[in-house]
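coords04.cif, holding mmCIF, C-alpha atoms and all ligand atoms:
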```
data_structure
loop_
_atom_site.group_PDB
_atom_site.id
_atom_site.type_symbol
_atom_site.label_atom_id
_atom_site.label_comp_id
_atom_site.auth_asym_id
_atom_site.auth_seq_id
_atom_site.Cartn_x
_atom_site.Cartn_y
_atom_site.Cartn_z
ATOM 1 C CA MET A 10 -7.258 -8.924 15.366
ATOM 2 C CA ARG A 11 -8.216 -5.771 13.468
ATOM 3 C CA VAL A 12 -6.362 -3.432 11.130
ATOM 4 C CA LEU A 13 -7.130 0.285 11.130
ATOM 5 C CA ASN A 14 -5.935 1.726 7.837
ATOM 6 C CA ILE A 15 -5.715 5.519 7.971
ATOM 7 C CA GLY A 16 -5.305 6.083 4.270
ATOM 8 C CA SER A 17 -6.042 7.838 1.025
ATOM 9 C CA LEU A 18 -9.088 7.466 -1.203
ATOM 10 C CA ASN A 19 -8.673 8.426 -4.851
ATOM 11 C CA ILE A 20 -10.626 8.489 -8.061
ATOM 12 C CA ASP A 21 -8.270 6.968 -10.643
ATOM 13 C CA TYR A 22 -8.435 8.167 -14.258
ATOM 14 C CA VAL A 23 -6.568 5.506 -16.191
ATOM 15 C CA TYR A 24 -5.364 6.328 -19.728
ATOM 16 C CA ARG A 25 -3.946 3.620 -22.000
ATOM 17 C CA VAL A 26 -1.024 5.105 -23.937
ATOM 18 C CA ASP A 27 1.678 3.832 -26.312
ATOM 19 C CA HIS A 28 4.298 5.554 -24.171
ATOM 20 C CA PHE A 29 4.307 7.987 -21.243
ATOM 21 C CA VAL A 30 3.835 11.624 -22.255
ATOM 22 C CA ARG A 31 7.187 13.383 -22.727
ATOM 23 C CA PRO A 32 7.935 17.026 -21.836
ATOM 24 C CA GLY A 33 6.360 19.309 -24.473
ATOM 25 C CA GLU A 34 4.482 16.424 -26.126
ATOM 26 C CA THR A 35 0.708 16.154 -26.723
ATOM 27 C CA LEU A 36 -0.461 12.559 -26.910
ATOM 28 C CA HIS A 37 -3.773 10.858 -27.716
ATOM 29 C CA ALA A 38 -4.784 8.215 -25.178
ATOM 30 C CA GLY A 39 -6.260 4.988 -26.557
ATOM 31 C CA SER A 40 -8.870 4.716 -23.810
ATOM 32 C CA LEU A 41 -9.983 6.211 -20.506
ATOM 33 C CA ARG A 42 -11.445 4.342 -17.543
ATOM 34 C CA ALA A 43 -12.367 5.893 -14.202
ATOM 35 C CA GLY A 44 -12.113 3.655 -11.163
ATOM 36 C CA CYS A 45 -11.560 3.435 -7.427
ATOM 37 C CA GLY A 46 -8.024 3.725 -6.111
ATOM 38 C CA GLY A 47 -5.635 5.433 -3.763
ATOM 39 C CA LYS A 48 -2.944 3.466 -1.979
ATOM 40 C CA GLY A 49 -5.072 3.587 1.169
ATOM 41 C CA LEU A 50 -8.251 2.303 -0.454
ATOM 42 C CA ASN A 51 -6.359 -0.370 -2.409
ATOM 43 C CA GLN A 52 -4.589 -1.628 0.716
ATOM 44 C CA SER A 53 -7.865 -1.776 2.648
ATOM 45 C CA ALA A 54 -9.361 -3.707 -0.269
ATOM 46 C CA ALA A 55 -6.393 -6.099 -0.219
ATOM 47 C CA LEU A 56 -6.633 -6.663 3.539
ATOM 48 C CA ALA A 57 -10.370 -7.302 3.393
ATOM 49 C CA ARG A 58 -10.033 -9.581 0.329
ATOM 50 C CA ALA A 59 -7.313 -11.428 2.274
ATOM 51 C CA GLY A 60 -9.834 -12.058 5.042
ATOM 52 C CA VAL A 61 -8.688 -9.483 7.620
ATOM 53 C CA GLU A 62 -11.141 -7.379 9.661
ATOM 54 C CA THR A 63 -10.327 -3.967 8.201
ATOM 55 C CA TRP A 64 -11.428 -0.488 9.244
ATOM 56 C CA HIS A 65 -10.665 2.382 6.898
ATOM 57 C CA ALA A 66 -10.312 5.965 8.158
ATOM 58 C CA GLY A 67 -10.090 8.610 5.455
ATOM 59 C CA LEU A 68 -11.641 11.611 3.756
ATOM 60 C CA THR A 69 -13.401 12.208 0.449
ATOM 61 C CA GLY A 70 -15.014 15.236 -1.139
ATOM 62 C CA PRO A 71 -18.740 15.478 -1.863
ATOM 63 C CA GLU A 72 -18.340 13.645 -5.204
ATOM 64 C CA GLY A 73 -16.359 10.758 -3.683
ATOM 65 C CA GLY A 74 -19.096 8.912 -1.809
ATOM 66 C CA PHE A 75 -18.844 5.975 -4.220
ATOM 67 C CA LEU A 76 -15.311 5.279 -2.917
ATOM 68 C CA ARG A 77 -16.772 4.598 0.501
ATOM 69 C CA GLU A 78 -19.390 2.341 -1.081
ATOM 70 C CA LYS A 79 -16.646 0.496 -2.935
ATOM 71 C CA LEU A 80 -14.772 -0.147 0.305
ATOM 72 C CA ALA A 81 -17.954 -1.408 1.917
ATOM 73 C CA SER A 82 -18.501 -3.769 -1.034
ATOM 74 C CA PHE A 83 -15.176 -5.438 -0.145
ATOM 75 C CA GLY A 84 -16.342 -5.857 3.455
ATOM 76 C CA VAL A 85 -14.272 -2.959 4.845
ATOM 77 C CA ARG A 86 -15.775 -1.101 7.829
ATOM 78 C CA THR A 87 -16.350 2.500 6.698
ATOM 79 C CA GLU A 88 -17.739 4.287 9.778
ATOM 80 C CA LEU A 89 -14.503 6.327 9.879
ATOM 81 C CA VAL A 90 -14.686 7.509 6.260
ATOM 82 C CA ARG A 91 -15.865 11.132 6.293
ATOM 83 C CA GLU A 92 -16.808 13.751 3.718
ATOM 84 C CA VAL A 93 -15.150 17.193 3.661
ATOM 85 C CA GLY A 94 -15.607 20.282 1.490
ATOM 86 C CA GLU A 95 -12.445 19.719 -0.611
ATOM 87 C CA THR A 96 -12.273 17.901 -3.965
ATOM 88 C CA THR A 97 -11.796 14.137 -3.663
ATOM 89 C CA GLY A 98 -8.186 13.018 -4.182
ATOM 90 C CA HIS A 99 -7.516 11.761 -7.666
ATOM 91 C CA ALA A 100 -4.813 10.213 -9.798
ATOM 92 C CA ILE A 101 -4.069 10.536 -13.499
ATOM 93 C CA ILE A 102 -2.554 7.194 -14.433
ATOM 94 C CA GLN A 103 -0.898 6.426 -17.739
ATOM 95 C CA VAL A 104 -0.590 2.700 -18.494
ATOM 96 C CA ASP A 105 1.660 1.755 -21.410
ATOM 97 C CA GLY A 106 1.659 -1.286 -23.691
ATOM 98 C CA ALA A 107 3.874 -3.215 -21.260
ATOM 99 C CA GLY A 108 1.421 -2.616 -18.393
ATOM 100 C CA GLN A 109 3.786 -0.231 -16.578
ATOM 101 C CA ASN A 110 2.304 2.929 -15.067
ATOM 102 C CA SER A 111 3.125 6.554 -14.391
ATOM 103 C CA ILE A 112 0.991 8.369 -11.799
ATOM 104 C CA LEU A 113 0.205 12.040 -11.177
ATOM 105 C CA LEU A 114 -1.544 12.558 -7.829
ATOM 106 C CA TYR A 115 -3.785 15.328 -6.548
ATOM 107 C CA GLY A 116 -4.173 14.854 -2.783
ATOM 108 C CA GLY A 117 -7.363 16.930 -2.349
ATOM 109 C CA ALA A 118 -9.451 15.725 0.619
ATOM 110 C CA ASN A 119 -6.697 13.259 1.610
ATOM 111 C CA ARG A 120 -4.562 16.239 2.599
ATOM 112 C CA CYS A 121 -7.311 17.669 4.872
ATOM 113 C CA MET A 122 -6.694 15.058 7.555
ATOM 114 C CA THR A 123 -6.047 16.524 11.005
ATOM 115 C CA GLU A 124 -4.436 15.185 14.162
ATOM 116 C CA ALA A 125 -7.877 15.412 15.810
ATOM 117 C CA PHE A 126 -9.340 13.153 13.111
ATOM 118 C CA VAL A 127 -6.490 10.662 13.563
ATOM 119 C CA ASP A 128 -6.976 10.640 17.354
ATOM 120 C CA GLU A 129 -10.703 10.061 16.921
ATOM 121 C CA ALA A 130 -10.068 7.189 14.503
ATOM 122 C CA LEU A 131 -7.587 5.551 16.884
ATOM 123 C CA ALA A 132 -9.860 5.921 19.924
ATOM 124 C CA GLY A 133 -11.578 2.574 19.333
ATOM 125 C CA PHE A 134 -8.348 0.606 18.852
ATOM 126 C CA GLY A 135 -5.700 -0.730 21.208
ATOM 127 C CA PRO A 136 -3.444 -3.674 22.037
ATOM 128 C CA GLY A 137 -3.902 -6.561 19.606
ATOM 129 C CA ASP A 138 -4.822 -4.213 16.730
ATOM 130 C CA TRP A 139 -2.636 -2.898 13.926
ATOM 131 C CA LEU A 140 -2.369 0.529 12.344
ATOM 132 C CA LEU A 141 -1.542 0.646 8.633
ATOM 133 C CA ALA A 142 -0.694 3.907 6.842
ATOM 134 C CA GLN A 143 0.799 5.157 3.597
ATOM 135 C CA ASN A 144 2.352 8.486 2.613
ATOM 136 C CA GLU A 145 -0.549 9.860 0.546
ATOM 137 C CA THR A 146 -2.273 11.529 3.507
ATOM 138 C CA VAL A 147 -0.975 13.979 6.091
ATOM 139 C CA CYS A 148 -0.468 13.450 9.868
ATOM 140 C CA VAL A 149 1.087 10.035 9.201
ATOM 141 C CA GLY A 150 3.873 10.463 11.751
ATOM 142 C CA HIS A 151 1.322 11.565 14.336
ATOM 143 C CA ALA A 152 -0.784 8.469 13.602
ATOM 144 C CA VAL A 153 2.202 6.145 14.059
ATOM 145 C CA ALA A 154 3.263 7.792 17.337
ATOM 146 C CA ARG A 155 -0.275 7.822 18.807
ATOM 147 C CA ALA A 156 -0.940 4.257 17.706
ATOM 148 C CA LYS A 157 2.224 3.081 19.425
ATOM 149 C CA GLU A 158 1.225 4.941 22.613
ATOM 150 C CA ARG A 159 -2.117 3.139 22.518
ATOM 151 C CA GLY A 160 -0.424 -0.267 22.213
ATOM 152 C CA LEU A 161 -1.180 -0.977 18.541
ATOM 153 C CA ARG A 162 1.382 -2.506 16.249
ATOM 154 C CA THR A 163 2.250 -0.292 13.330
ATOM 155 C CA ALA A 164 2.902 -0.759 9.613
ATOM 156 C CA LEU A 165 3.746 1.850 7.000
ATOM 157 C CA ASN A 166 3.881 1.578 3.250
ATOM 158 C CA ALA A 167 6.347 4.383 2.493
ATOM 159 C CA ALA A 168 4.828 5.277 -0.874
ATOM 160 C CA PRO A 169 5.170 7.780 -2.356
ATOM 161 C CA ALA A 170 8.641 8.865 -1.202
ATOM 162 C CA ASP A 171 8.890 12.539 -0.297
ATOM 163 C CA GLY A 172 10.410 14.788 2.360
ATOM 164 C CA ALA A 173 7.575 14.095 4.831
ATOM 165 C CA LEU A 174 8.905 10.544 5.220
ATOM 166 C CA ARG A 175 12.126 11.809 6.749
ATOM 167 C CA GLU A 176 10.150 13.610 9.481
ATOM 168 C CA MET A 177 8.242 10.488 10.571
ATOM 169 C CA PRO A 178 9.160 8.386 13.633
ATOM 170 C CA LEU A 179 9.971 5.358 11.477
ATOM 171 C CA GLU A 180 11.820 3.754 14.401
ATOM 172 C CA LEU A 181 8.390 3.110 15.989
ATOM 173 C CA LEU A 182 7.264 0.856 13.144
ATOM 174 C CA ASP A 183 6.863 -2.875 13.445
ATOM 175 C CA LEU A 184 6.730 -3.209 9.655
ATOM 176 C CA LEU A 185 8.093 -0.883 6.969
ATOM 177 C CA PHE A 186 7.283 -1.566 3.303
ATOM 178 C CA VAL A 187 9.440 0.110 0.657
ATOM 179 C CA ASN A 188 10.078 -0.445 -3.026
ATOM 180 C CA GLU A 189 13.475 0.217 -4.613
ATOM 181 C CA VAL A 190 12.747 3.938 -5.064
ATOM 182 C CA GLU A 191 11.535 4.535 -1.512
ATOM 183 C CA GLY A 192 14.273 2.296 -0.109
ATOM 184 C CA ALA A 193 16.979 4.226 -1.968
ATOM 185 C CA PHE A 194 15.419 7.532 -0.894
ATOM 186 C CA LEU A 195 15.556 6.556 2.786
ATOM 187 C CA ALA A 196 18.828 4.622 2.786
ATOM 188 C CA GLY A 197 20.867 6.785 0.399
ATOM 189 C CA THR A 198 22.036 3.753 -1.581
ATOM 190 C CA GLU A 199 20.537 1.802 -4.484
ATOM 191 C CA GLU A 200 21.817 -1.730 -3.949
ATOM 192 C CA PRO A 201 19.014 -3.825 -2.337
ATOM 193 C CA GLU A 202 21.230 -5.621 0.197
ATOM 194 C CA GLU A 203 22.704 -2.286 1.258
ATOM 195 C CA ILE A 204 19.255 -0.707 1.546
ATOM 196 C CA ALA A 205 18.259 -3.568 3.835
ATOM 197 C CA ALA A 206 21.469 -3.290 5.867
ATOM 198 C CA VAL A 207 21.194 0.496 6.323
ATOM 199 C CA LEU A 208 17.503 0.542 7.227
ATOM 200 C CA THR A 209 17.541 -2.440 9.585
ATOM 201 C CA GLU A 210 20.571 -0.987 11.365
ATOM 202 C CA ARG A 211 18.794 2.385 11.660
ATOM 203 C CA TYR A 212 15.467 0.855 12.748
ATOM 204 C CA PRO A 213 16.463 -2.247 14.755
ATOM 205 C CA GLU A 214 12.937 -3.020 16.026
ATOM 206 C CA THR A 215 11.377 -2.877 12.553
ATOM 207 C CA THR A 216 10.923 -5.628 9.985
ATOM 208 C CA LEU A 217 11.803 -4.199 6.590
ATOM 209 C CA VAL A 218 10.019 -5.499 3.499
ATOM 210 C CA LEU A 219 11.676 -4.413 0.262
ATOM 211 C CA THR A 220 9.879 -5.116 -3.014
ATOM 212 C CA LEU A 221 12.074 -5.388 -6.096
ATOM 213 C CA GLY A 222 9.656 -5.702 -9.039
ATOM 214 C CA GLU A 223 10.749 -8.522 -11.334
ATOM 215 C CA ASP A 224 13.491 -9.431 -8.857
ATOM 216 C CA GLY A 225 10.979 -10.408 -6.179
ATOM 217 C CA ALA A 226 11.092 -9.144 -2.606
ATOM 218 C CA LEU A 227 12.977 -9.558 0.640
ATOM 219 C CA ALA A 228 12.234 -9.262 4.340
ATOM 220 C CA ALA A 229 14.978 -8.265 6.775
ATOM 221 C CA ARG A 230 15.305 -7.616 10.496
ATOM 222 C CA HIS A 231 18.309 -6.379 12.429
ATOM 223 C CA GLY A 232 20.513 -9.282 13.468
ATOM 224 C CA ARG A 233 18.372 -11.912 11.711
ATOM 225 C CA GLU A 234 18.610 -13.759 8.434
ATOM 226 C CA THR A 235 17.298 -11.904 5.397
ATOM 227 C CA VAL A 236 14.730 -13.967 3.477
ATOM 228 C CA ARG A 237 13.853 -13.536 -0.198
ATOM 229 C CA THR A 238 11.207 -14.628 -2.625
ATOM 230 C CA ALA A 239 11.378 -14.624 -6.418
ATOM 231 C CA ALA A 240 8.720 -12.859 -8.475
ATOM 232 C CA PHE A 241 6.153 -15.008 -10.280
ATOM 233 C CA ARG A 242 6.239 -14.658 -14.075
ATOM 234 C CA VAL A 243 2.787 -13.679 -15.355
ATOM 235 C CA PRO A 244 1.444 -11.790 -18.387
ATOM 236 C CA THR A 245 1.452 -8.144 -17.269
ATOM 237 C CA VAL A 246 -1.732 -6.218 -18.056
ATOM 238 C CA ASP A 247 -1.579 -3.407 -15.481
ATOM 239 C CA THR A 248 0.813 -3.089 -12.528
ATOM 240 C CA THR A 249 -1.355 -0.488 -10.732
ATOM 241 C CA ALA A 250 -2.064 -1.565 -7.124
ATOM 242 C CA ALA A 251 0.197 -4.631 -7.307
ATOM 243 C CA GLY A 252 2.312 -3.140 -4.491
ATOM 244 C CA ASP A 253 -0.818 -2.351 -2.477
ATOM 245 C CA THR A 254 -2.041 -5.914 -2.924
ATOM 246 C CA PHE A 255 1.362 -7.197 -1.791
ATOM 247 C CA THR A 256 1.190 -5.055 1.365
ATOM 248 C CA GLY A 257 -2.304 -6.222 2.353
ATOM 249 C CA PHE A 258 -1.537 -9.902 1.842
ATOM 250 C CA PHE A 259 1.844 -9.727 3.600
ATOM 251 C CA LEU A 260 0.082 -8.238 6.614
ATOM 252 C CA ARG A 261 -2.489 -11.043 6.518
ATOM 253 C CA GLY A 262 0.402 -13.508 6.785
ATOM 254 C CA VAL A 263 1.881 -11.597 9.727
ATOM 255 C CA LEU A 264 -1.485 -11.564 11.507
ATOM 256 C CA ASP A 265 -1.608 -15.348 11.060
ATOM 257 C CA GLY A 266 1.799 -15.606 12.754
ATOM 258 C CA ARG A 267 3.432 -17.085 9.639
ATOM 259 C CA PRO A 268 7.205 -16.893 9.084
ATOM 260 C CA PRO A 269 8.407 -14.038 6.837
ATOM 261 C CA GLU A 270 9.191 -16.337 3.888
ATOM 262 C CA ASP A 271 5.569 -17.555 3.840
ATOM 263 C CA CYS A 272 4.276 -13.979 4.109
ATOM 264 C CA LEU A 273 6.497 -12.998 1.164
ATOM 265 C CA ARG A 274 5.258 -15.893 -0.995
ATOM 266 C CA LEU A 275 1.591 -15.204 -0.269
ATOM 267 C CA ALA A 276 2.068 -11.483 -0.946
ATOM 268 C CA ALA A 277 4.012 -12.127 -4.161
ATOM 269 C CA ALA A 278 1.302 -14.500 -5.387
ATOM 270 C CA ALA A 279 -1.482 -11.997 -4.706
ATOM 271 C CA GLY A 280 0.516 -9.196 -6.375
ATOM 272 C CA ALA A 281 1.155 -11.418 -9.398
ATOM 273 C CA VAL A 282 -2.566 -12.113 -9.832
ATOM 274 C CA ALA A 283 -3.267 -8.358 -9.544
ATOM 275 C CA VAL A 284 -0.953 -7.454 -12.452
ATOM 276 C CA THR A 285 -2.878 -9.782 -14.755
ATOM 277 C CA ARG A 286 -5.973 -7.592 -14.281
ATOM 278 C CA ARG A 287 -6.867 -4.024 -15.173
ATOM 279 C CA GLY A 288 -7.514 -1.338 -12.582
ATOM 280 C CA ALA A 289 -6.482 -0.641 -9.006
ATOM 281 C CA ALA A 290 -8.821 -1.892 -6.261
ATOM 282 C CA ASP A 291 -10.677 -3.996 -8.830
ATOM 283 C CA SER A 292 -7.528 -5.980 -9.601
ATOM 284 C CA VAL A 293 -7.055 -7.286 -6.026
ATOM 285 C CA PRO A 294 -7.646 -11.065 -5.809
ATOM 286 C CA SER A 295 -9.439 -12.866 -3.006
ATOM 287 C CA TYR A 296 -7.477 -14.955 -0.499
ATOM 288 C CA GLU A 297 -8.731 -18.102 -2.230
ATOM 289 C CA GLU A 298 -7.527 -16.881 -5.631
ATOM 290 C CA ALA A 299 -4.073 -16.053 -4.257
ATOM 291 C CA ALA A 300 -3.851 -19.410 -2.454
ATOM 292 C CA ALA A 301 -4.945 -21.285 -5.604
ATOM 293 C CA PHE A 302 -2.284 -19.439 -7.631
ATOM 294 C CA LEU A 303 0.375 -20.419 -5.076
ATOM 295 C CA ALA A 304 -0.723 -24.040 -5.114
ATOM 296 C CA GLU A 305 -0.692 -24.092 -8.922
ATOM 297 C CA ARG A 306 2.831 -22.657 -9.021
ATOM 298 C CA GLY A 307 3.952 -25.269 -6.489
ATOM 299 C CA ARG A 308 5.260 -22.851 -3.856
HETATM 300 O O1 LIG A 401 -0.720 2.323 -5.859
HETATM 301 C C1 LIG A 401 -1.645 2.650 -6.866
HETATM 302 C C2 LIG A 401 -2.404 3.877 -6.508
HETATM 303 O O2 LIG A 401 -1.518 4.973 -6.475
HETATM 304 C C3 LIG A 401 -3.472 4.267 -7.482
HETATM 305 O O3 LIG A 401 -4.708 3.662 -7.223
HETATM 306 C C4 LIG A 401 -3.497 5.791 -7.407
HETATM 307 O O4 LIG A 401 -4.655 6.301 -6.850
HETATM 308 C C5 LIG A 401 -2.264 6.158 -6.580
HETATM 309 O O5 LIG A 401 -2.595 6.512 -5.313
#
```
How does this structure look as structure tokens?
Ligand code: RIB
Amino acid sequence: MRVLNIGSLNIDYVYRVDHFVRPGETLHAGSLRAGCGGKGLNQSAALARAGVETWHAGLTGPEGGFLREKLASFGVRTELVREVGETTGHAIIQVDGAGQNSILLYGGANRCMTEAFVDEALAGFGPGDWLLAQNETVCVGHAVARAKERGLRTALNAAPADGALREMPLELLDLLFVNEVEGAFLAGTEEPEEIAAVLTERYPETTLVLTLGEDGALAARHGRETVRTAAFRVPTVDTTAAGDTFTGFFLRGVLDGRPPEDCLRLAAAAGAVAVTRRGAADSVPSYEEAAAFLAERGR
């Protein structure tokens, strides 16, 4: 079983700050580190580190070739990563003393994706395979619709939330990942149980996975029991890519045919390990590390 991730590739510039810059303020950063990121790249890294055969389709600019090499170093297939004439996507990430982040994105090459590119990427995939996407590229709705036509199962991480999400055929998804912000944006309510009720009623064929930060996560499906997992308490160094790690490991559990509560626990464990480490893709644990963490915590 393979996963085709049609997703973003970013250069992350990570600034350690005492607090996030306020309007009108000029602030010295304590340090700067450049690294590999993008929700797409991070989720491909997580899938591959979780042991899933992962193909990444995406675009970089001429200076972004090292992102492709990074993916390959995780074992991701990169034949569908192409170079275009636009600047590579990048993110300016502030990380505060509590490890929380604030992200400014420039889409760059990620926004040059075309329907023709998506169709070409999907051409080698069919029944038994999965499509994974996020909302940092364009043509996401087209990718979901075409993938479904070709018999793939489909998963979307709805981050970041913006108007494009409302135009997508979300009813075609097998799996929809949202955090509280994206869930509230789509459902029009902030209470987690209500978000789950609204979205599972609206998308009855879709399993909804709602991540709730320190309150853990839940998985819900229309007409079925909602299952929850608590968050693991760990020393937080940097939360960047914790959600991406969660997505990749949850999908690994689904590919194994595990019940949703097991998928949630595995994903929560992997995400917890990621927040104890600096960086985005570099913070993703291996399957063995996540499994050892779970065993140690007795869950
Ligand atoms: O989810 C974390 C990612 O969001 C970062 O790597 C950054 O590139 C932004 O896309």
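Using only C-alpha atoms, the protein and nucleic acid residues lying no more than 8 Å from Gly192 of chain A, apart from those fewer than 6 places from it along its own chain, are Glu199, Ile204 and Leu219 of chain A.
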>> I want to know what sits within 8 Å of Ala142 of chain A, based on only C-alpha atoms, with residues of the same chain fewer than 3 positions away left out; could you give that as a PyMOL selection string?
In response: chain A and resi 14-16+49+149+164-166
> What does the distance between atom CA of Val85 of chain A and atom CA of His65 of chain A come to in Å, to one decimal place?
Replying inline: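 We find that atom CA of Val85 of chain A and atom CA of His65 of chain A lie 6.8 Å from each other.
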> Taking into account all atoms listed in the file, which residue in the set A:Ala228, A:Val26, A:Leu41, A:Ala54 is nearest to Asn188 of chain A?
Replying inline: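 Of the candidates, the smallest distance to Asn188 of chain A is held by A:Ala228.
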> Applied to this file, what does the PyMOL selection byres (((chain A and resi 130) around 10) and not hetatm) return in terms of residues, put as a PyMOL selection string?
Replying inline: chain A and resi 13-15+64-67+88-90+124-129+131-134+152
>> Counting all atoms listed in the file, what are the residues, protein, DNA or RNA alike, that approach ligand LIG 401 (chain A) to within 6 Å? I want them as a list in words.
In response: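 Sorted by chain and then by number, the residues are Asn19, Asp21, Gly46, Gly47, Lys48, Ala100, Thr249, Ala250, Asp253 and Ala289 of chain A.
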> Applied to the shown file, which residues does the PyMOL selection byres (((chain A and resi 84) around 12) and not hetatm) return, written as an MDAnalysis selection string?
Replying inline: chainID A and resid 53:65 77:83 85:87 295
>> Give me, as a list in words, all polymer residues having an atom no more than 10 Å from Gly172 of chain A, counting only C-alpha atoms and skipping those fewer than 5 positions away in the same chain.
In response: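 The neighbour list is Met177, Phe194 and Leu195 of chain A.
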> What do you get, as number ranges by chain, if you spell out every residue that the PyMOL selection byres (((chain A and resi 190) around 12) and not hetatm) selects here?
Replying inline: A: 167-171, 186-189, 191-201, 204, 219-222
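Of the listed residues A:Gly232, A:His99, A:Ala226, A:Gly74, the one whose atoms come nearest to Ile112 of chain A is A:His99, with distances taken using all atoms listed in the file.
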> Quick one: distance from atom CA of Cys148 of chain A to atom CA of Val207 of chain A in Å, one decimal?
Replying inline: 25.5 Å
Would you compute the box with edges along x, y and z of the file around segment 285-289 of chain A, including every atom the file lists for it and 8 Å extra on each side, and give its centre and edge lengths in Å to one decimal, as lines of an AutoDock Vina configuration file?
```
center_x = -5.2
center_y = -5.2
center_z = -12.1
size_x = 20.6
size_y = 25.1
size_z = 22.2
```
> Residues at most 12 Å from Glu214 of chain A, counting all atoms listed in the file, excluding those fewer than 3 positions away in the same chain, as a list of chain:residue names?
Replying inline: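 Near Glu214 of chain A, the qualifying residues are A:Arg162, A:Thr163, A:Leu179, A:Glu180, A:Leu181, A:Leu182, A:Asp183, A:Leu184, A:Leu185, A:Leu208, A:Thr209, A:Glu210, A:Arg211, A:Leu217, A:Ala229, A:Arg230, A:His231, A:Gly232, A:Arg233.
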>> Calculated over only C-alpha atoms, which of the candidates A:Gln143, A:Thr245, A:Thr235, A:Ser17 has the smallest distance to Tyr115 of chain A?
In response: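 Using only C-alpha atoms, Tyr115 of chain A sits closest to A:Ser17.
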>> What does the structure give for the distance between atom CA of Gly280 of chain A and atom CA of Asp247 of chain A, in Å to one decimal?
In response: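 Spanning atom CA of Gly280 of chain A to atom CA of Asp247 of chain A is a straight-line distance of 11.0 Å.
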> Which of these residues is nearest to Ile20 of chain A, using all atoms listed in the file: A:Arg42, A:Arg155, A:Arg274, A:Arg306?
Replying inline: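 Selected residue with least distance to Ile20 of chain A: A:Arg42.
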>> I want to know what sits within 12 Å of Asp224 of chain A, based on all atoms listed in the file, with residues of the same chain fewer than 6 positions away left out; could you give that as a ChimeraX atom specification?
In response: /A:188-189,201,237-242,277
>> When you count only C-alpha atoms, which of these residues is closest to Arg159 of chain A: A:Leu227, A:Leu174, A:Thr96, A:Gly135?
In response: A:Gly135
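Candidate residues A:Gly116, A:Pro268, A:Gly108, A:Gly262 were compared for distance to Thr285 of chain A, and the nearest is A:Gly108, using only C-alpha atoms.
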